[in-house]
Structure formats: C-alpha cells, structure tokens
Amino acid sequence: MSGLAEPIVDYETEGLDMVRPKRGNRIGLKRWPRHWVRRGITIAVVLALMPVVLTFLYLPPFVHPVSTLMLKDLATFSGYDRRWVSIDDVAPALANSVIMSEDGQFCFHRGIDLGELRGVVDDALAGEMTRGASTITMQTVKNLYLWSRPLGSVRKVVELPLAVYVDMVMSKRRIMEIYLNIAEWGPGIYGIEAAAQHHFGVSAKRLSRRQAALLAVTLPNPIARNPTKPGPGLRRLAALIERRAGRSGAYVGCLR
C-alpha cells in the first residue's frame with residue numbers, strides 16, 4: 001500500500017459539475033431584468049419629451065397637427081373628416097362662443113384656471129359633486145398628446161404641467177387655432193370647418209351667431225349632442241352663450 005488515501009467519490013453527485021451553470025450564465029440571467037428596466041426608463045423619457053418637442057414643431061401656422069383620437073380612427077380604419085382652416089377664416093362669433101362656453105378666463109390664465117381648480121378641490125373635500133375645471137389649453141393638450149379614458153385621474157397629473165408649458169410656448173391665438181381644428185364635433189367629425197359643413201352646410205367663416213353658439217355648447221359631449229337637433233335645454237344654453245359671446249369684449253381680446 002502506498003499510504004495514500006483513495007479519493008472518495010460520491011456517485012450520486014458525480015457529473016453534476018458537467019451541467020452546473022457557468023458563472024457567466026448566472027451573471028447574464030441577473031442582467032436581464034436590469035436591461036428591461038433601462039429600456040422601460042428610456043421609453044418613458046422619450047414619451048415624456050415628445051410633447052415638449054412637438055409643441056415647438058406645432059408653432060408655425062403651416063403645421064397642421066392631428067389629435068390622438070384622429071390617430072386612433074386611422075389605426076382602426078374608421079376614417080375621419082377634418083379640413084384645416086386658419087383662425088382668420090373662422091367666424092369671430094364661433095371662437096367667442098367657445099371661450100364663453102368652455103373657458104371664460106382663457107385670455108387671462110396661464111394654462112390652468114386656478115380659481116376653478118380650487119373650487120373643484122373644495123367640492124371634492126366636502127364630498128360634493130365636482131364640476132369641470134378643464135381649460136381650453138388643457139383640452140388642447142389632451143387632444144394632442146394624451147388619452148380620454150380610462151385612467152382620467154392619471155391623465156390629469158400629466159395634463160396640468162403640460163398645459164402650463166404649452167401656454168408658455170404658444171400664443172393664445174395659436175392654441176385656439178389648433179383647438180378649433182382638432183376638437184371633435186361628432187363621430188368622425190374633427191375641426192370647425194368640417195363641423196360647419198357637416199351640420200349646417202356652410203363654411204366656418206359664414207357661421208351665424210346662433211349656429212356658432214349651438215356648435216360651442218355641443219363640445220362637452222359631441223357624440224350625444226347634435227347642434228342641428230337641439231333639445232329645449234340645449235337651445236336655452238345656446239341662447240345664453242350667444243348673448244354672452246355678443247358681450248364678451250375683453251374676455252376674447254387675446255384673439256385679436
């Protein structure tokens with residue numbers, strides 16, 4: 001005997017080293033989640049920066065933006081009718097009616113109507129039904145960059161700072177021009193020119209004060225409200241908006 005101990009072999013585990021993952025493989029498996037996290041962060045940053053960049057691209061009057069709803073209609077092969085028109089070719093009564101109906105402080109706030117927003121918060125804290133506090137700028141931001149439903153509360157968190165930013169970069173006149181050309185006025189009907197032609201058979205420039213008021217009061221719910229077939233309540237509301245638009249004065253001064 002040589003005196004050397006014979007090596008002990010565990011036959012049950014012998015050969016497992018042959019299939020044990022290499023160190024490099026284990027590291028690679030650990031890196032996969034990090035890779036996807038980095039990719040997710042990159043996508044989030046790009047999506048966040050898109051509105052910032054697009055807002056600058058939308059500044060020139062020859063650029064005609066489309067809304068996310070219009071893109072959805074294209075993606076689903078639904079189609080839509082939109083005919084871009086300069087704000088100079090829109091009857092003043094229409095823009096005045098939209099301001100008096102949708103956002104009376106449009107010419108004075110900086111994208112957000114803080115007074116209305118405080119009222120909504122107070123109503124919510126008191127457990128009362130809240131009213132809308134969305135400005136024309138906020139609606140423009142939503143139509144250009146965001147979604148309508150679901151997760152409306154999440155959308156509002158993004159919508160508020162974007163509205164302030166857009167108001168800083170764009171003139172009120174340009175914001176109104178874009179809004180009037182991307183607002184929905186019926187199923188597949190976008191923009192005031194298509195709406196005027198579809199509902200009243202006239203161009204946006206030739207809308208009467210009553211027609212302008214009727215179109216303005218349908219904006220909160222253009223699918224359910226038809227300006228050519230208004231019920232008694234909608235007619236009363238349109239008459240009120242028509243009177244207010246006729247006396248709007250300084251409230252619409254930023255559009256001149």
# chains A, B, ... in the order shown; residues from 1 in each chain; ligands from 1
>>> closest_atom_pairs(of="range 47-100 of chain A", to="range 189-207 of chain A", cutoff="10 Å", atoms="only C-alpha atoms", output="CSV")
residue,atom,partner,partner_atom,distance
A:Val66,CA,A:Tyr190,CA,9.3
A:Ser67,CA,A:Tyr190,CA,9.0
A:Leu69,CA,A:Tyr190,CA,9.3
A:Met70,CA,A:Tyr190,CA,7.9
A:Gly79,CA,A:Ile189,CA,9.6
A:Tyr80,CA,A:Ile189,CA,6.1
A:Asp81,CA,A:Ile189,CA,5.1
A:Arg82,CA,A:Tyr190,CA,4.9
A:Arg83,CA,A:Ala194,CA,5.7
A:Trp84,CA,A:Glu193,CA,6.9
A:Val85,CA,A:Glu193,CA,6.5
A:Ser86,CA,A:Glu193,CA,9.6
A:Ile87,CA,A:Lys205,CA,9.1
A:Asp88,CA,A:Lys205,CA,8.3
A:Asp89,CA,A:Lys205,CA,5.1
A:Val90,CA,A:Lys205,CA,4.3
A:Ala91,CA,A:Lys205,CA,4.4
A:Pro92,CA,A:Lys205,CA,8.1
A:Ala93,CA,A:Leu207,CA,7.8
A:Leu94,CA,A:Leu207,CA,7.4
A:Ala95,CA,A:Ile192,CA,9.8
>>> closest_atom_pairs(of="range 125-239 of chain A", to="range 49-55 of chain A", cutoff="12 Å", atoms="only C-alpha atoms", output="Markdown table")
| residue | atom | partner | partner_atom | distance |
| --- | --- | --- | --- | --- |
| A:Thr140 | CA | A:Thr55 | CA | 11.1 |
| A:Val141 | CA | A:Pro51 | CA | 8.7 |
| A:Lys142 | CA | A:Pro51 | CA | 10.7 |
| A:Asn143 | CA | A:Pro51 | CA | 11.6 |
| A:Leu144 | CA | A:Pro51 | CA | 8.4 |
| A:Tyr145 | CA | A:Pro51 | CA | 6.5 |
| A:Leu146 | CA | A:Pro51 | CA | 9.4 |
| A:Val158 | CA | A:Pro51 | CA | 10.8 |
| A:Glu159 | CA | A:Pro51 | CA | 10.7 |
| A:Pro161 | CA | A:Val52 | CA | 11.0 |
| A:Leu162 | CA | A:Pro51 | CA | 7.9 |
| A:Ala163 | CA | A:Pro51 | CA | 10.6 |
| A:Val164 | CA | A:Val52 | CA | 11.5 |
| A:Tyr165 | CA | A:Val52 | CA | 8.1 |
| A:Val166 | CA | A:Thr55 | CA | 6.8 |
| A:Asp167 | CA | A:Thr55 | CA | 10.1 |
| A:Met168 | CA | A:Thr55 | CA | 10.5 |
| A:Val169 | CA | A:Thr55 | CA | 7.6 |
| A:Met170 | CA | A:Thr55 | CA | 7.9 |
| A:Ser171 | CA | A:Thr55 | CA | 11.5 |
| A:Arg174 | CA | A:Thr55 | CA | 11.0 |
| A:Ile175 | CA | A:Thr55 | CA | 10.3 |
| A:Ile178 | CA | A:Thr55 | CA | 11.1 |
>>> closest_residue(among="A:Leu180, A:Ala133, A:Thr228, A:Lys156", to="Gly104 in chain A", atoms="only C-alpha atoms")
A:Ala133
>>> residues_around(residues="range 209-214 of chain A", least_positions_apart="3", cutoff="6 Å", atoms="only C-alpha atoms", output="list in words")
Ala93, Leu94, Ser97, Val217, Pro227, Ala238, Ile241 and Glu242 of chain A
>>> select_by_dssp(residues="range 28-241 of chain A", states="strand (DSSP E or B)", output="PyMOL selection string")
chain A and resi 81-82+184+189-190
>>> write_last_selection(atoms="N, CA and C atoms", output="PDB file, in the first residue's frame")
ATOM      1  N   ASP A  81     -63.228  63.090 -40.963  1.00  0.00           N
ATOM      2  CA  ASP A  81     -63.319  64.289 -41.805  1.00  0.00           C
ATOM      3  C   ASP A  81     -62.740  65.459 -41.033  1.00  0.00           C
ATOM      4  N   ARG A  82     -61.643  66.029 -41.532  1.00  0.00           N
ATOM      5  CA  ARG A  82     -61.049  67.216 -40.915  1.00  0.00           C
ATOM      6  C   ARG A  82     -60.495  68.084 -42.045  1.00  0.00           C
ATOM      7  N   GLU A 184     -63.450  67.524 -31.477  1.00  0.00           N
ATOM      8  CA  GLU A 184     -64.409  66.606 -32.078  1.00  0.00           C
ATOM      9  C   GLU A 184     -65.804  67.217 -32.017  1.00  0.00           C
ATOM     10  N   ILE A 189     -66.003  63.593 -37.015  1.00  0.00           N
ATOM     11  CA  ILE A 189     -66.011  64.987 -37.475  1.00  0.00           C
ATOM     12  C   ILE A 189     -65.064  65.788 -36.579  1.00  0.00           C
ATOM     13  N   TYR A 190     -63.958  66.242 -37.134  1.00  0.00           N
ATOM     14  CA  TYR A 190     -62.964  66.977 -36.361  1.00  0.00           C
ATOM     15  C   TYR A 190     -62.713  68.345 -37.000  1.00  0.00           C
TER      16      TYR A 190
END
>>> atom_distance(atom1="CA of Val98 in chain A", atom2="CA of Leu234 in chain A")
14.6 Å
>>> closest_residue(among="A:Gly115, A:Ala216, A:Ser148, A:Cys254", to="Ala239 in chain A", atoms="only C-alpha atoms")
A:Ala216
>>> atom_distance(atom1="CA of Met138 in chain A", atom2="CA of Ala75 in chain A")
24.4 Å
>>> select_by_dssp(residues="range 64-246 of chain A", states="helix (DSSP H, G or I)", output="JSON, numbers by chain")
{"A": [68, 69, 70, 71, 72, 73, 74, 75, 87, 88, 89, 92, 93, 94, 95, 96, 97, 98, 99, 100, 101, 102, 114, 115, 116, 117, 118, 119, 120, 121, 122, 123, 124, 125, 136, 137, 138, 139, 140, 141, 142, 143, 144, 145, 152, 153, 154, 155, 156, 157, 158, 159, 160, 161, 162, 163, 164, 165, 166, 167, 168, 169, 172, 173, 174, 175, 176, 177, 178, 179, 180, 181, 182, 192, 193, 194, 195, 196, 197, 198, 199, 200, 204, 205, 206, 209, 210, 211, 212, 213, 214, 215, 216, 217, 218, 232, 233, 234, 235, 236, 237, 238, 239, 240, 241, 242, 243, 244, 245, 246]}
>>> write_last_selection(atoms="C-alpha atoms", output="mmCIF file, in the first residue's frame")
data_model
loop_
_atom_site.group_PDB
_atom_site.id
_atom_site.type_symbol
_atom_site.label_atom_id
_atom_site.label_comp_id
_atom_site.auth_asym_id
_atom_site.auth_seq_id
_atom_site.Cartn_x
_atom_site.Cartn_y
_atom_site.Cartn_z
ATOM 1 C CA THR A 68 -54.788 61.249 -30.682
ATOM 2 C CA LEU A 69 -58.447 60.469 -31.456
ATOM 3 C CA MET A 70 -57.798 61.117 -35.137
ATOM 4 C CA LEU A 71 -54.804 58.785 -34.999
ATOM 5 C CA LYS A 72 -56.991 56.160 -33.337
ATOM 6 C CA ASP A 73 -59.547 56.485 -36.136
ATOM 7 C CA LEU A 74 -56.782 55.995 -38.678
ATOM 8 C CA ALA A 75 -55.382 52.987 -36.826
ATOM 9 C CA ILE A 87 -58.398 81.140 -37.385
ATOM 10 C CA ASP A 88 -58.706 84.172 -39.685
ATOM 11 C CA ASP A 89 -61.236 82.152 -41.687
ATOM 12 C CA PRO A 92 -65.402 85.524 -34.704
ATOM 13 C CA ALA A 93 -68.721 84.541 -33.136
ATOM 14 C CA LEU A 94 -67.586 80.906 -33.089
ATOM 15 C CA ALA A 95 -64.324 81.492 -31.214
ATOM 16 C CA ASN A 96 -66.086 83.919 -28.859
ATOM 17 C CA SER A 97 -68.845 81.372 -28.178
ATOM 18 C CA VAL A 98 -66.323 78.612 -27.486
ATOM 19 C CA ILE A 99 -64.499 80.790 -24.953
ATOM 20 C CA MET A 100 -67.685 81.858 -23.195
ATOM 21 C CA SER A 101 -68.941 78.275 -23.125
ATOM 22 C CA GLU A 102 -65.752 76.361 -22.338
ATOM 23 C CA LEU A 114 -56.573 78.212 -10.526
ATOM 24 C CA GLY A 115 -59.860 79.633 -9.256
ATOM 25 C CA GLU A 116 -61.881 76.864 -10.901
ATOM 26 C CA LEU A 117 -59.334 74.258 -9.804
ATOM 27 C CA ARG A 118 -59.590 75.361 -6.170
ATOM 28 C CA GLY A 119 -63.377 75.136 -6.432
ATOM 29 C CA VAL A 120 -63.139 71.544 -7.674
ATOM 30 C CA VAL A 121 -60.784 70.602 -4.843
ATOM 31 C CA ASP A 122 -63.043 72.231 -2.246
ATOM 32 C CA ASP A 123 -66.093 70.410 -3.632
ATOM 33 C CA ALA A 124 -64.230 67.099 -3.577
ATOM 34 C CA LEU A 125 -63.083 67.591 0.010
ATOM 35 C CA ILE A 136 -59.202 75.187 -23.480
ATOM 36 C CA THR A 137 -55.430 74.813 -23.143
ATOM 37 C CA MET A 138 -55.863 71.631 -21.098
ATOM 38 C CA GLN A 139 -58.308 70.251 -23.659
ATOM 39 C CA THR A 140 -55.864 71.074 -26.444
ATOM 40 C CA VAL A 141 -53.091 69.229 -24.595
ATOM 41 C CA LYS A 142 -55.355 66.238 -24.006
ATOM 42 C CA ASN A 143 -56.433 66.110 -27.645
ATOM 43 C CA LEU A 144 -52.884 66.494 -28.969
ATOM 44 C CA TYR A 145 -50.880 64.269 -26.661
ATOM 45 C CA GLY A 152 -58.582 60.011 -16.279
ATOM 46 C CA SER A 153 -57.083 60.955 -12.906
ATOM 47 C CA VAL A 154 -53.634 59.804 -14.039
ATOM 48 C CA ARG A 155 -54.060 61.806 -17.237
ATOM 49 C CA LYS A 156 -54.825 64.956 -15.231
ATOM 50 C CA VAL A 157 -51.494 64.680 -13.406
ATOM 51 C CA VAL A 158 -49.713 64.838 -16.775
ATOM 52 C CA GLU A 159 -52.150 67.302 -18.322
ATOM 53 C CA LEU A 160 -51.693 70.110 -15.787
ATOM 54 C CA PRO A 161 -47.941 70.760 -16.206
ATOM 55 C CA LEU A 162 -48.209 70.268 -19.968
ATOM 56 C CA ALA A 163 -50.949 72.918 -20.127
ATOM 57 C CA VAL A 164 -48.709 75.401 -18.292
ATOM 58 C CA TYR A 165 -45.829 74.571 -20.634
ATOM 59 C CA VAL A 166 -47.904 74.922 -23.813
ATOM 60 C CA ASP A 167 -49.294 78.254 -22.600
ATOM 61 C CA MET A 168 -45.719 79.493 -22.053
ATOM 62 C CA VAL A 169 -44.555 78.435 -25.515
ATOM 63 C CA LYS A 172 -53.313 82.152 -27.115
ATOM 64 C CA ARG A 173 -54.309 82.687 -30.727
ATOM 65 C CA ARG A 174 -52.320 79.636 -31.894
ATOM 66 C CA ILE A 175 -53.699 77.486 -29.069
ATOM 67 C CA MET A 176 -57.228 78.432 -30.089
ATOM 68 C CA GLU A 177 -56.492 77.802 -33.767
ATOM 69 C CA ILE A 178 -55.211 74.293 -33.023
ATOM 70 C CA TYR A 179 -58.078 73.556 -30.651
ATOM 71 C CA LEU A 180 -60.735 74.582 -33.155
ATOM 72 C CA ASN A 181 -59.114 72.351 -35.771
ATOM 73 C CA ILE A 182 -58.762 69.187 -33.663
ATOM 74 C CA ILE A 192 -64.672 73.593 -37.075
ATOM 75 C CA GLU A 193 -64.619 73.643 -40.891
ATOM 76 C CA ALA A 194 -65.740 70.019 -41.188
ATOM 77 C CA ALA A 195 -68.281 70.613 -38.407
ATOM 78 C CA ALA A 196 -69.780 73.709 -40.044
ATOM 79 C CA GLN A 197 -70.033 71.947 -43.402
ATOM 80 C CA HIS A 198 -71.443 68.736 -41.902
ATOM 81 C CA HIS A 199 -74.029 70.279 -39.577
ATOM 82 C CA PHE A 200 -75.048 73.494 -41.339
ATOM 83 C CA ALA A 204 -66.689 78.153 -40.713
ATOM 84 C CA LYS A 205 -66.359 81.769 -41.839
ATOM 85 C CA ARG A 206 -70.089 82.059 -42.594
ATOM 86 C CA ARG A 209 -74.113 83.700 -34.132
ATOM 87 C CA ARG A 210 -76.811 81.140 -33.303
ATOM 88 C CA GLN A 211 -75.058 78.366 -35.253
ATOM 89 C CA ALA A 212 -71.772 79.237 -33.537
ATOM 90 C CA ALA A 213 -73.415 79.059 -30.110
ATOM 91 C CA LEU A 214 -75.067 75.723 -30.914
ATOM 92 C CA LEU A 215 -71.739 74.253 -32.023
ATOM 93 C CA ALA A 216 -69.996 75.585 -28.907
ATOM 94 C CA VAL A 217 -72.439 74.022 -26.457
ATOM 95 C CA THR A 218 -72.124 70.600 -28.096
ATOM 96 C CA PRO A 232 -85.096 72.600 -25.129
ATOM 97 C CA GLY A 233 -82.234 72.608 -22.628
ATOM 98 C CA LEU A 234 -79.559 72.855 -25.309
ATOM 99 C CA ARG A 235 -81.461 75.667 -27.054
ATOM 100 C CA ARG A 236 -81.646 77.652 -23.803
ATOM 101 C CA LEU A 237 -77.952 77.117 -23.175
ATOM 102 C CA ALA A 238 -77.087 78.172 -26.742
ATOM 103 C CA ALA A 239 -79.173 81.343 -26.355
ATOM 104 C CA LEU A 240 -77.289 82.175 -23.148
ATOM 105 C CA ILE A 241 -73.895 81.590 -24.798
ATOM 106 C CA GLU A 242 -74.940 83.673 -27.798
ATOM 107 C CA ARG A 243 -75.740 86.625 -25.515
ATOM 108 C CA ARG A 244 -72.505 86.230 -23.587
ATOM 109 C CA ALA A 245 -70.442 85.971 -26.792
ATOM 110 C CA GLY A 246 -72.031 89.190 -28.045
#
>>> atom_distance(atom1="CA of Thr135 in chain A", atom2="CA of Gln105 in chain A")
8.4 Å
